[in-house]
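What follows is the content of final_26.cif (mmCIF, N, CA and C atoms).
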data_my_file
#
loop_
_atom_site.label_atom_id
_atom_site.label_comp_id
_atom_site.auth_asym_id
_atom_site.auth_seq_id
_atom_site.Cartn_x
_atom_site.Cartn_y
_atom_site.Cartn_z
N GLN U 21 0.85 -1.19 0.00
CA GLN U 21 0.00 0.00 0.00
C GLN U 21 0.88 1.24 0.00
N VAL U 22 0.48 2.23 -0.80
CA VAL U 22 1.25 3.46 -0.93
C VAL U 22 0.55 4.58 -0.17
N GLN U 23 1.29 5.27 0.64
CA GLN U 23 0.76 6.46 1.33
C GLN U 23 1.35 7.70 0.70
N LEU U 24 0.51 8.70 0.51
CA LEU U 24 0.92 9.93 -0.15
C LEU U 24 0.61 11.12 0.75
N VAL U 25 1.57 11.99 0.93
CA VAL U 25 1.38 13.19 1.75
C VAL U 25 1.66 14.41 0.89
N GLU U 26 0.65 15.26 0.78
CA GLU U 26 0.75 16.46 -0.06
C GLU U 26 0.97 17.69 0.81
N SER U 27 1.57 18.69 0.19
CA SER U 27 1.73 19.98 0.84
C SER U 27 1.92 21.05 -0.22
N GLY U 28 1.79 22.30 0.21
CA GLY U 28 2.10 23.41 -0.69
C GLY U 28 0.92 24.22 -1.19
N GLY U 29 -0.29 23.82 -0.87
CA GLY U 29 -1.44 24.59 -1.32
C GLY U 29 -1.56 25.90 -0.56
N GLY U 30 -2.52 26.71 -0.99
CA GLY U 30 -2.75 27.97 -0.31
C GLY U 30 -3.50 28.96 -1.17
N LEU U 31 -3.47 30.21 -0.72
CA LEU U 31 -4.14 31.30 -1.41
C LEU U 31 -3.08 32.12 -2.16
N VAL U 32 -3.35 32.39 -3.42
CA VAL U 32 -2.41 33.16 -4.24
C VAL U 32 -3.20 34.07 -5.17
N GLN U 33 -2.62 35.19 -5.51
CA GLN U 33 -3.27 36.13 -6.43
C GLN U 33 -3.12 35.65 -7.87
N PRO U 34 -4.03 36.05 -8.74
CA PRO U 34 -3.88 35.70 -10.16
C PRO U 34 -2.52 36.14 -10.69
N GLY U 35 -1.92 35.27 -11.47
CA GLY U 35 -0.59 35.53 -11.99
C GLY U 35 0.53 35.03 -11.09
N GLY U 36 0.18 34.59 -9.90
CA GLY U 36 1.18 34.11 -8.95
C GLY U 36 1.56 32.67 -9.18
N SER U 37 2.40 32.16 -8.27
CA SER U 37 2.93 30.80 -8.39
C SER U 37 2.80 30.05 -7.08
N LEU U 38 2.70 28.75 -7.20
CA LEU U 38 2.72 27.84 -6.06
C LEU U 38 3.43 26.57 -6.49
N ARG U 39 4.03 25.88 -5.52
CA ARG U 39 4.60 24.57 -5.79
C ARG U 39 4.00 23.56 -4.83
N LEU U 40 3.39 22.54 -5.40
CA LEU U 40 2.84 21.45 -4.60
C LEU U 40 3.86 20.32 -4.52
N SER U 41 3.87 19.65 -3.38
CA SER U 41 4.75 18.51 -3.18
C SER U 41 3.93 17.29 -2.77
N CYS U 42 4.37 16.13 -3.20
CA CYS U 42 3.71 14.87 -2.83
C CYS U 42 4.81 13.86 -2.52
N THR U 43 4.88 13.44 -1.27
CA THR U 43 5.89 12.47 -0.86
C THR U 43 5.24 11.11 -0.67
N ALA U 44 5.83 10.12 -1.33
CA ALA U 44 5.29 8.76 -1.30
C ALA U 44 6.03 7.90 -0.29
N SER U 45 5.31 6.90 0.23
CA SER U 45 5.92 5.97 1.20
C SER U 45 6.72 4.88 0.50
N GLU U 46 6.60 4.78 -0.82
CA GLU U 46 7.34 3.81 -1.60
C GLU U 46 8.33 4.52 -2.52
N ARG U 47 9.34 3.79 -2.94
CA ARG U 47 10.30 4.37 -3.87
C ARG U 47 9.62 4.66 -5.20
N LEU U 48 9.92 5.82 -5.76
CA LEU U 48 9.23 6.24 -6.98
C LEU U 48 9.48 5.28 -8.14
N PHE U 49 10.64 4.65 -8.15
CA PHE U 49 10.93 3.78 -9.29
C PHE U 49 10.05 2.52 -9.27
N SER U 50 9.38 2.26 -8.12
CA SER U 50 8.48 1.11 -8.04
C SER U 50 7.05 1.46 -8.42
N ILE U 51 6.80 2.73 -8.68
CA ILE U 51 5.45 3.21 -9.01
C ILE U 51 5.40 3.50 -10.51
N ASN U 52 4.39 2.96 -11.17
CA ASN U 52 4.30 3.09 -12.63
C ASN U 52 4.19 4.54 -13.08
N ALA U 53 3.35 5.29 -12.39
CA ALA U 53 3.17 6.70 -12.75
C ALA U 53 2.65 7.47 -11.55
N MET U 54 3.00 8.73 -11.51
CA MET U 54 2.49 9.64 -10.48
C MET U 54 1.79 10.78 -11.19
N GLY U 55 0.74 11.27 -10.58
CA GLY U 55 0.01 12.35 -11.22
C GLY U 55 -0.63 13.31 -10.22
N TRP U 56 -1.00 14.44 -10.74
CA TRP U 56 -1.76 15.44 -9.98
C TRP U 56 -3.12 15.59 -10.66
N TYR U 57 -4.16 15.51 -9.85
CA TYR U 57 -5.52 15.73 -10.31
C TYR U 57 -6.09 16.91 -9.52
N ARG U 58 -7.17 17.46 -10.01
CA ARG U 58 -7.83 18.52 -9.26
C ARG U 58 -9.34 18.38 -9.41
N GLN U 59 -10.02 18.89 -8.41
CA GLN U 59 -11.48 18.87 -8.42
C GLN U 59 -11.99 20.19 -7.89
N ALA U 60 -12.69 20.91 -8.76
CA ALA U 60 -13.32 22.17 -8.37
C ALA U 60 -14.75 21.88 -7.91
N PRO U 61 -15.33 22.77 -7.13
CA PRO U 61 -16.71 22.56 -6.65
C PRO U 61 -17.67 22.34 -7.80
N GLY U 62 -18.46 21.28 -7.70
CA GLY U 62 -19.46 20.99 -8.72
C GLY U 62 -18.93 20.38 -10.00
N LYS U 63 -17.62 20.08 -10.01
CA LYS U 63 -17.02 19.51 -11.22
C LYS U 63 -16.39 18.16 -10.91
N GLU U 64 -16.15 17.39 -11.97
CA GLU U 64 -15.50 16.11 -11.81
C GLU U 64 -14.00 16.29 -11.61
N ARG U 65 -13.41 15.29 -10.99
CA ARG U 65 -11.95 15.31 -10.84
C ARG U 65 -11.31 15.14 -12.20
N GLU U 66 -10.26 15.93 -12.47
CA GLU U 66 -9.61 15.88 -13.77
C GLU U 66 -8.10 15.77 -13.60
N LEU U 67 -7.48 15.12 -14.58
CA LEU U 67 -6.02 15.01 -14.59
C LEU U 67 -5.42 16.36 -14.94
N VAL U 68 -4.42 16.77 -14.16
CA VAL U 68 -3.69 18.00 -14.43
C VAL U 68 -2.36 17.68 -15.11
N ALA U 69 -1.60 16.77 -14.52
CA ALA U 69 -0.30 16.41 -15.05
C ALA U 69 0.11 15.05 -14.51
N ALA U 70 0.92 14.34 -15.27
CA ALA U 70 1.38 13.03 -14.85
C ALA U 70 2.81 12.82 -15.33
N ILE U 71 3.53 11.97 -14.59
CA ILE U 71 4.88 11.61 -14.96
C ILE U 71 5.05 10.12 -14.75
N THR U 72 5.59 9.44 -15.75
CA THR U 72 5.75 7.99 -15.66
C THR U 72 7.08 7.64 -15.00
N ARG U 73 7.23 6.35 -14.71
CA ARG U 73 8.48 5.88 -14.12
C ARG U 73 9.65 6.18 -15.05
N GLY U 74 9.37 6.15 -16.35
CA GLY U 74 10.42 6.43 -17.32
C GLY U 74 10.68 7.91 -17.54
N GLY U 75 9.86 8.76 -16.93
CA GLY U 75 10.10 10.19 -17.03
C GLY U 75 9.24 10.92 -18.04
N SER U 76 8.40 10.20 -18.75
CA SER U 76 7.51 10.87 -19.70
C SER U 76 6.45 11.65 -18.94
N THR U 77 6.08 12.80 -19.52
CA THR U 77 5.09 13.65 -18.86
C THR U 77 3.94 13.96 -19.81
N ASN U 78 2.81 14.25 -19.24
CA ASN U 78 1.70 14.76 -20.04
C ASN U 78 0.89 15.73 -19.18
N TYR U 79 0.24 16.66 -19.85
CA TYR U 79 -0.46 17.75 -19.17
C TYR U 79 -1.85 17.97 -19.78
N ALA U 80 -2.74 18.45 -18.95
CA ALA U 80 -4.02 18.91 -19.47
C ALA U 80 -3.77 20.14 -20.35
N ASP U 81 -4.56 20.28 -21.39
CA ASP U 81 -4.38 21.43 -22.30
C ASP U 81 -4.46 22.75 -21.55
N SER U 82 -5.30 22.80 -20.53
CA SER U 82 -5.54 24.05 -19.81
C SER U 82 -4.34 24.52 -18.99
N VAL U 83 -3.37 23.63 -18.76
CA VAL U 83 -2.22 24.02 -17.93
C VAL U 83 -0.90 23.97 -18.68
N LYS U 84 -0.91 23.52 -19.92
CA LYS U 84 0.33 23.43 -20.70
C LYS U 84 1.00 24.79 -20.80
N GLY U 85 2.31 24.79 -20.56
CA GLY U 85 3.06 26.02 -20.62
C GLY U 85 3.06 26.80 -19.31
N ARG U 86 2.21 26.40 -18.36
CA ARG U 86 2.15 27.09 -17.07
C ARG U 86 2.55 26.19 -15.90
N PHE U 87 2.22 24.92 -16.00
CA PHE U 87 2.51 23.96 -14.92
C PHE U 87 3.63 23.01 -15.37
N THR U 88 4.44 22.59 -14.40
CA THR U 88 5.49 21.62 -14.67
C THR U 88 5.50 20.57 -13.57
N ILE U 89 5.44 19.30 -14.00
CA ILE U 89 5.54 18.20 -13.04
C ILE U 89 6.98 17.68 -13.07
N SER U 90 7.50 17.36 -11.89
CA SER U 90 8.86 16.85 -11.82
C SER U 90 8.95 15.92 -10.60
N ARG U 91 10.08 15.27 -10.47
CA ARG U 91 10.22 14.35 -9.34
C ARG U 91 11.66 14.33 -8.85
N ASP U 92 11.78 13.97 -7.59
CA ASP U 92 13.08 13.79 -6.97
C ASP U 92 13.07 12.38 -6.40
N ASN U 93 13.72 11.45 -7.10
CA ASN U 93 13.68 10.05 -6.68
C ASN U 93 14.33 9.84 -5.30
N ALA U 94 15.34 10.61 -5.02
CA ALA U 94 16.02 10.45 -3.72
C ALA U 94 15.11 10.80 -2.55
N LYS U 95 14.15 11.69 -2.81
CA LYS U 95 13.23 12.12 -1.75
C LYS U 95 11.85 11.47 -1.89
N ASN U 96 11.70 10.60 -2.87
CA ASN U 96 10.40 9.97 -3.13
C ASN U 96 9.30 11.01 -3.28
N THR U 97 9.61 12.10 -3.92
CA THR U 97 8.70 13.25 -3.98
C THR U 97 8.47 13.70 -5.41
N VAL U 98 7.22 14.00 -5.69
CA VAL U 98 6.82 14.57 -6.97
C VAL U 98 6.33 15.99 -6.71
N TYR U 99 6.66 16.89 -7.63
CA TYR U 99 6.31 18.29 -7.49
C TYR U 99 5.40 18.73 -8.63
N LEU U 100 4.61 19.74 -8.35
CA LEU U 100 3.85 20.42 -9.39
C LEU U 100 4.11 21.91 -9.23
N GLN U 101 4.91 22.44 -10.13
CA GLN U 101 5.17 23.88 -10.14
C GLN U 101 4.08 24.55 -10.96
N MET U 102 3.38 25.46 -10.35
CA MET U 102 2.26 26.13 -11.01
C MET U 102 2.57 27.62 -11.12
N ASN U 103 2.68 28.09 -12.34
CA ASN U 103 2.95 29.50 -12.61
C ASN U 103 1.78 30.13 -13.34
N SER U 104 1.75 31.45 -13.35
CA SER U 104 0.70 32.19 -14.05
C SER U 104 -0.69 31.66 -13.68
N LEU U 105 -0.91 31.52 -12.40
CA LEU U 105 -2.16 30.93 -11.93
C LEU U 105 -3.35 31.82 -12.26
N LYS U 106 -4.46 31.15 -12.54
CA LYS U 106 -5.71 31.81 -12.90
C LYS U 106 -6.79 31.43 -11.90
N PRO U 107 -7.81 32.25 -11.78
CA PRO U 107 -8.91 31.89 -10.87
C PRO U 107 -9.51 30.52 -11.18
N GLU U 108 -9.52 30.14 -12.44
CA GLU U 108 -10.09 28.84 -12.81
C GLU U 108 -9.22 27.66 -12.40
N ASP U 109 -8.03 27.94 -11.89
CA ASP U 109 -7.18 26.87 -11.34
C ASP U 109 -7.58 26.53 -9.90
N THR U 110 -8.48 27.30 -9.34
CA THR U 110 -8.92 27.04 -7.98
C THR U 110 -9.58 25.67 -7.87
N ALA U 111 -9.08 24.86 -6.95
CA ALA U 111 -9.58 23.50 -6.79
C ALA U 111 -8.84 22.83 -5.63
N VAL U 112 -9.32 21.65 -5.26
CA VAL U 112 -8.54 20.78 -4.39
C VAL U 112 -7.67 19.92 -5.30
N TYR U 113 -6.38 19.91 -5.03
CA TYR U 113 -5.43 19.16 -5.83
C TYR U 113 -5.05 17.87 -5.10
N TYR U 114 -5.11 16.76 -5.84
CA TYR U 114 -4.84 15.46 -5.27
C TYR U 114 -3.65 14.81 -5.98
N CYS U 115 -2.81 14.20 -5.19
CA CYS U 115 -1.71 13.41 -5.73
C CYS U 115 -2.20 11.98 -5.94
N ASN U 116 -1.75 11.37 -7.01
CA ASN U 116 -2.14 10.00 -7.34
C ASN U 116 -0.91 9.17 -7.65
N ALA U 117 -0.93 7.94 -7.16
CA ALA U 117 0.13 6.97 -7.50
C ALA U 117 -0.51 5.77 -8.17
N HIS U 118 -0.08 5.48 -9.39
CA HIS U 118 -0.57 4.31 -10.11
C HIS U 118 0.42 3.19 -9.86
N TYR U 119 0.07 2.35 -8.91
CA TYR U 119 0.94 1.29 -8.44
C TYR U 119 0.52 -0.01 -9.11
N TYR U 120 1.34 -1.07 -8.98
CA TYR U 120 1.04 -2.33 -9.66
C TYR U 120 -0.27 -2.95 -9.18
N ASN U 121 -0.66 -2.63 -7.93
CA ASN U 121 -1.87 -3.24 -7.37
C ASN U 121 -3.03 -2.26 -7.23
N GLY U 122 -2.93 -1.12 -7.91
CA GLY U 122 -4.04 -0.19 -7.86
C GLY U 122 -3.61 1.25 -7.77
N ASP U 123 -4.60 2.12 -7.63
CA ASP U 123 -4.37 3.56 -7.53
C ASP U 123 -4.51 4.01 -6.09
N TYR U 124 -3.63 4.92 -5.70
CA TYR U 124 -3.65 5.49 -4.36
C TYR U 124 -3.72 7.00 -4.45
N TRP U 125 -4.39 7.59 -3.42
CA TRP U 125 -4.61 9.04 -3.44
C TRP U 125 -4.14 9.69 -2.16
N GLY U 126 -3.69 10.92 -2.31
CA GLY U 126 -3.39 11.74 -1.14
C GLY U 126 -4.67 12.35 -0.61
N GLN U 127 -4.52 13.11 0.48
CA GLN U 127 -5.69 13.68 1.15
C GLN U 127 -6.21 14.94 0.45
N GLY U 128 -5.41 15.50 -0.43
CA GLY U 128 -5.81 16.71 -1.14
C GLY U 128 -5.30 17.97 -0.47
N THR U 129 -5.01 18.97 -1.29
CA THR U 129 -4.57 20.26 -0.77
C THR U 129 -5.30 21.35 -1.57
N GLN U 130 -5.81 22.34 -0.85
CA GLN U 130 -6.61 23.39 -1.47
C GLN U 130 -5.71 24.44 -2.12
N VAL U 131 -6.03 24.77 -3.35
CA VAL U 131 -5.39 25.88 -4.05
C VAL U 131 -6.48 26.88 -4.42
N THR U 132 -6.32 28.11 -3.95
CA THR U 132 -7.29 29.16 -4.24
C THR U 132 -6.57 30.32 -4.91
N VAL U 133 -7.05 30.68 -6.09
CA VAL U 133 -6.47 31.79 -6.84
C VAL U 133 -7.50 32.92 -6.86
N SER U 134 -7.19 33.97 -6.14
CA SER U 134 -8.15 35.06 -5.99
C SER U 134 -7.43 36.34 -5.59
N SER U 135 -7.97 37.45 -6.05
CA SER U 135 -7.43 38.75 -5.65
C SER U 135 -8.16 39.29 -4.42
#
This structure in structure tokens:
Amino acid sequence: QVQLVESGGGLVQPGGSLRLSCTASERLFSINAMGWYRQAPGKERELVAAITRGGSTNYADSVKGRFTISRDNAKNTVYLQMNSLKPEDTAVYYCNAHYYNGDYWGQGTQVTVSS
């Protein structure tokens, strides 16, 4: 079983930046893929960005060019650098680990973009 601990959410003004962190209880090289999802009020959870064990990344069209997913294998941590934030980025952000025996989720961290 994989445990995920997220941090880094908060309140930021439009145009600002935040970095989310997700630390896994398992070594990253044993996890097929890690991803960040978000869920805004009244909306379905959606994929924001993902990174595979091999290092391939993919992003939602709405965040391309603004968000960057990366990882530090030594720290078992995946990051989501979010720049040029917009009010529509406001949501609860969840870390996901796609492990050999299923998907695991973090507790979520709130990101609010507002002036």
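Taking only chain U, the residues that DSSP calls helix (DSSP H, G or I) from the backbone come to Leu48, Phe49, Ser50, Asn93, Ala94, Lys95, Pro107, Glu108 and Asp109 of chain U.
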Would you save the residues from that selection as a PDB file, in the coordinates of the input, using N, CA and C atoms?
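again_22.pdb was written with the following content:
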ATOM      1  N   LEU U  48       9.920   5.820  -5.760  1.00  0.00           N
ATOM      2  CA  LEU U  48       9.230   6.240  -6.980  1.00  0.00           C
ATOM      3  C   LEU U  48       9.480   5.280  -8.140  1.00  0.00           C
ATOM      4  N   PHE U  49      10.640   4.650  -8.150  1.00  0.00           N
ATOM      5  CA  PHE U  49      10.930   3.780  -9.290  1.00  0.00           C
ATOM      6  C   PHE U  49      10.050   2.520  -9.270  1.00  0.00           C
ATOM      7  N   SER U  50       9.380   2.260  -8.120  1.00  0.00           N
ATOM      8  CA  SER U  50       8.480   1.110  -8.040  1.00  0.00           C
ATOM      9  C   SER U  50       7.050   1.460  -8.420  1.00  0.00           C
ATOM     10  N   ASN U  93      13.720  11.450  -7.100  1.00  0.00           N
ATOM     11  CA  ASN U  93      13.680  10.050  -6.680  1.00  0.00           C
ATOM     12  C   ASN U  93      14.330   9.840  -5.300  1.00  0.00           C
ATOM     13  N   ALA U  94      15.340  10.610  -5.020  1.00  0.00           N
ATOM     14  CA  ALA U  94      16.020  10.450  -3.720  1.00  0.00           C
ATOM     15  C   ALA U  94      15.110  10.800  -2.550  1.00  0.00           C
ATOM     16  N   LYS U  95      14.150  11.690  -2.810  1.00  0.00           N
ATOM     17  CA  LYS U  95      13.230  12.120  -1.750  1.00  0.00           C
ATOM     18  C   LYS U  95      11.850  11.470  -1.890  1.00  0.00           C
ATOM     19  N   PRO U 107      -7.810  32.250 -11.780  1.00  0.00           N
ATOM     20  CA  PRO U 107      -8.910  31.890 -10.870  1.00  0.00           C
ATOM     21  C   PRO U 107      -9.510  30.520 -11.180  1.00  0.00           C
ATOM     22  N   GLU U 108      -9.520  30.140 -12.440  1.00  0.00           N
ATOM     23  CA  GLU U 108     -10.090  28.840 -12.810  1.00  0.00           C
ATOM     24  C   GLU U 108      -9.220  27.660 -12.400  1.00  0.00           C
ATOM     25  N   ASP U 109      -8.030  27.940 -11.890  1.00  0.00           N
ATOM     26  CA  ASP U 109      -7.180  26.870 -11.340  1.00  0.00           C
ATOM     27  C   ASP U 109      -7.580  26.530  -9.900  1.00  0.00           C
TER      28      ASP U 109
END
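Within the file as shown, the PyMOL selection byres ((chain U and resi 40) around 6.5) identifies Ser27, Gly28, Gly29, Leu38, Arg39, Ser41, Cys42, Val98, Tyr99, Leu100, Gln101 and Met102 of chain U.
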Could you turn the residues from that selection into a file that holds N, CA and C atoms, as a PDB file, keeping the file's coordinate frame?
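Final file, out06.pdb:
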ATOM      1  N   SER U  27       1.570  18.690   0.190  1.00  0.00           N
ATOM      2  CA  SER U  27       1.730  19.980   0.840  1.00  0.00           C
ATOM      3  C   SER U  27       1.920  21.050  -0.220  1.00  0.00           C
ATOM      4  N   GLY U  28       1.790  22.300   0.210  1.00  0.00           N
ATOM      5  CA  GLY U  28       2.100  23.410  -0.690  1.00  0.00           C
ATOM      6  C   GLY U  28       0.920  24.220  -1.190  1.00  0.00           C
ATOM      7  N   GLY U  29      -0.290  23.820  -0.870  1.00  0.00           N
ATOM      8  CA  GLY U  29      -1.440  24.590  -1.320  1.00  0.00           C
ATOM      9  C   GLY U  29      -1.560  25.900  -0.560  1.00  0.00           C
ATOM     10  N   LEU U  38       2.700  28.750  -7.200  1.00  0.00           N
ATOM     11  CA  LEU U  38       2.720  27.840  -6.060  1.00  0.00           C
ATOM     12  C   LEU U  38       3.430  26.570  -6.490  1.00  0.00           C
ATOM     13  N   ARG U  39       4.030  25.880  -5.520  1.00  0.00           N
ATOM     14  CA  ARG U  39       4.600  24.570  -5.790  1.00  0.00           C
ATOM     15  C   ARG U  39       4.000  23.560  -4.830  1.00  0.00           C
ATOM     16  N   SER U  41       3.870  19.650  -3.380  1.00  0.00           N
ATOM     17  CA  SER U  41       4.750  18.510  -3.180  1.00  0.00           C
ATOM     18  C   SER U  41       3.930  17.290  -2.770  1.00  0.00           C
ATOM     19  N   CYS U  42       4.370  16.130  -3.200  1.00  0.00           N
ATOM     20  CA  CYS U  42       3.710  14.870  -2.830  1.00  0.00           C
ATOM     21  C   CYS U  42       4.810  13.860  -2.520  1.00  0.00           C
ATOM     22  N   VAL U  98       7.220  14.000  -5.690  1.00  0.00           N
ATOM     23  CA  VAL U  98       6.820  14.570  -6.970  1.00  0.00           C
ATOM     24  C   VAL U  98       6.330  15.990  -6.710  1.00  0.00           C
ATOM     25  N   TYR U  99       6.660  16.890  -7.630  1.00  0.00           N
ATOM     26  CA  TYR U  99       6.310  18.290  -7.490  1.00  0.00           C
ATOM     27  C   TYR U  99       5.400  18.730  -8.630  1.00  0.00           C
ATOM     28  N   LEU U 100       4.610  19.740  -8.350  1.00  0.00           N
ATOM     29  CA  LEU U 100       3.850  20.420  -9.390  1.00  0.00           C
ATOM     30  C   LEU U 100       4.110  21.910  -9.230  1.00  0.00           C
ATOM     31  N   GLN U 101       4.910  22.440 -10.130  1.00  0.00           N
ATOM     32  CA  GLN U 101       5.170  23.880 -10.140  1.00  0.00           C
ATOM     33  C   GLN U 101       4.080  24.550 -10.960  1.00  0.00           C
ATOM     34  N   MET U 102       3.380  25.460 -10.350  1.00  0.00           N
ATOM     35  CA  MET U 102       2.260  26.130 -11.010  1.00  0.00           C
ATOM     36  C   MET U 102       2.570  27.620 -11.120  1.00  0.00           C
TER      37      MET U 102
END
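Comparing U:Glu46, U:Tyr114, U:Gly85, U:Gly55 by their smallest distance to Gln127 of chain U, the closest is U:Tyr114 (using only C-alpha atoms).
The set of protein, DNA and RNA residues with any counted atom at most 6.5 Å from (-3.5, 9.3, -2.4) (all atoms listed in the file) reads Gln23, Leu24, Cys115, Asn116, Ala117, Tyr124, Trp125, Gly126 and Gln127 of chain U.
Distances from U:Gln33, U:Tyr113, U:Arg91, U:Thr72 to Trp56 of chain U were compared using only C-alpha atoms, and the smallest one belongs to U:Tyr113.
Residues matched by the PyMOL selection byres (((chain U and resi 58 and name CA) around 8) and name CA) in this file are Trp56, Tyr57, Gln59, Ala60, Arg65, Glu66, Leu67, Val68, Ala111, Val112, Tyr113 and Tyr114 of chain U.
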message = I need the residues in segment 29-126 of chain U that are strand (DSSP E) according to DSSP; give them as a count of residues only.
response = 52
Could you add the missing atoms to segment 39-46 of chain U, up to all heavy atoms, and return them as a PDB file, in the frame of the given file?
ATOM      1  N   ARG U  39       4.030  25.880  -5.520  1.00  0.00           N
ATOM      2  CA  ARG U  39       4.600  24.570  -5.790  1.00  0.00           C
ATOM      3  C   ARG U  39       4.000  23.560  -4.830  1.00  0.00           C
ATOM      4  O   ARG U  39       4.114  23.717  -3.612  1.00  0.00           O
ATOM      5  CB  ARG U  39       6.117  24.574  -5.666  1.00  0.00           C
ATOM      6  CG  ARG U  39       6.735  23.264  -6.152  1.00  0.00           C
ATOM      7  CD  ARG U  39       8.237  23.243  -6.095  1.00  0.00           C
ATOM      8  NE  ARG U  39       8.754  23.006  -4.764  1.00  0.00           N
ATOM      9  CZ  ARG U  39       9.970  22.552  -4.499  1.00  0.00           C
ATOM     10  NH1 ARG U  39      10.793  22.270  -5.498  1.00  0.00           N
ATOM     11  NH2 ARG U  39      10.358  22.376  -3.251  1.00  0.00           N
ATOM     12  N   LEU U  40       3.390  22.540  -5.400  1.00  0.00           N
ATOM     13  CA  LEU U  40       2.840  21.450  -4.600  1.00  0.00           C
ATOM     14  C   LEU U  40       3.860  20.320  -4.520  1.00  0.00           C
ATOM     15  O   LEU U  40       4.593  20.070  -5.482  1.00  0.00           O
ATOM     16  CB  LEU U  40       1.545  20.923  -5.234  1.00  0.00           C
ATOM     17  CG  LEU U  40       0.439  21.949  -5.494  1.00  0.00           C
ATOM     18  CD1 LEU U  40      -0.787  21.237  -6.059  1.00  0.00           C
ATOM     19  CD2 LEU U  40       0.098  22.721  -4.249  1.00  0.00           C
ATOM     20  N   SER U  41       3.870  19.650  -3.380  1.00  0.00           N
ATOM     21  CA  SER U  41       4.750  18.510  -3.180  1.00  0.00           C
ATOM     22  C   SER U  41       3.930  17.290  -2.770  1.00  0.00           C
ATOM     23  O   SER U  41       2.925  17.430  -2.056  1.00  0.00           O
ATOM     24  CB  SER U  41       5.776  18.796  -2.080  1.00  0.00           C
ATOM     25  OG  SER U  41       6.580  19.907  -2.404  1.00  0.00           O
ATOM     26  N   CYS U  42       4.370  16.130  -3.200  1.00  0.00           N
ATOM     27  CA  CYS U  42       3.710  14.870  -2.830  1.00  0.00           C
ATOM     28  C   CYS U  42       4.810  13.860  -2.520  1.00  0.00           C
ATOM     29  O   CYS U  42       5.568  13.485  -3.426  1.00  0.00           O
ATOM     30  CB  CYS U  42       2.830  14.384  -3.958  1.00  0.00           C
ATOM     31  SG  CYS U  42       2.134  12.729  -3.685  1.00  0.00           S
ATOM     32  N   THR U  43       4.880  13.440  -1.270  1.00  0.00           N
ATOM     33  CA  THR U  43       5.890  12.470  -0.860  1.00  0.00           C
ATOM     34  C   THR U  43       5.240  11.110  -0.670  1.00  0.00           C
ATOM     35  O   THR U  43       4.228  10.989   0.033  1.00  0.00           O
ATOM     36  CB  THR U  43       6.564  12.925   0.441  1.00  0.00           C
ATOM     37  OG1 THR U  43       7.198  14.194   0.210  1.00  0.00           O
ATOM     38  CG2 THR U  43       7.622  11.922   0.877  1.00  0.00           C
ATOM     39  N   ALA U  44       5.830  10.120  -1.330  1.00  0.00           N
ATOM     40  CA  ALA U  44       5.290   8.760  -1.300  1.00  0.00           C
ATOM     41  C   ALA U  44       6.030   7.900  -0.290  1.00  0.00           C
ATOM     42  O   ALA U  44       7.219   8.119  -0.004  1.00  0.00           O
ATOM     43  CB  ALA U  44       5.394   8.145  -2.690  1.00  0.00           C
ATOM     44  N   SER U  45       5.310   6.900   0.230  1.00  0.00           N
ATOM     45  CA  SER U  45       5.920   5.970   1.200  1.00  0.00           C
ATOM     46  C   SER U  45       6.720   4.880   0.500  1.00  0.00           C
ATOM     47  O   SER U  45       7.422   4.114   1.169  1.00  0.00           O
ATOM     48  CB  SER U  45       4.827   5.334   2.059  1.00  0.00           C
ATOM     49  OG  SER U  45       3.905   4.618   1.254  1.00  0.00           O
ATOM     50  N   GLU U  46       6.600   4.780  -0.820  1.00  0.00           N
ATOM     51  CA  GLU U  46       7.340   3.810  -1.600  1.00  0.00           C
ATOM     52  C   GLU U  46       8.330   4.520  -2.520  1.00  0.00           C
ATOM     53  O   GLU U  46       8.153   5.692  -2.854  1.00  0.00           O
ATOM     54  CB  GLU U  46       6.378   2.963  -2.460  1.00  0.00           C
ATOM     55  CG  GLU U  46       5.358   2.176  -1.657  1.00  0.00           C
ATOM     56  CD  GLU U  46       5.995   1.048  -0.879  1.00  0.00           C
ATOM     57  OE1 GLU U  46       7.024   0.517  -1.349  1.00  0.00           O
ATOM     58  OE2 GLU U  46       5.466   0.688   0.192  1.00  0.00           O
TER      59      GLU U  46
END
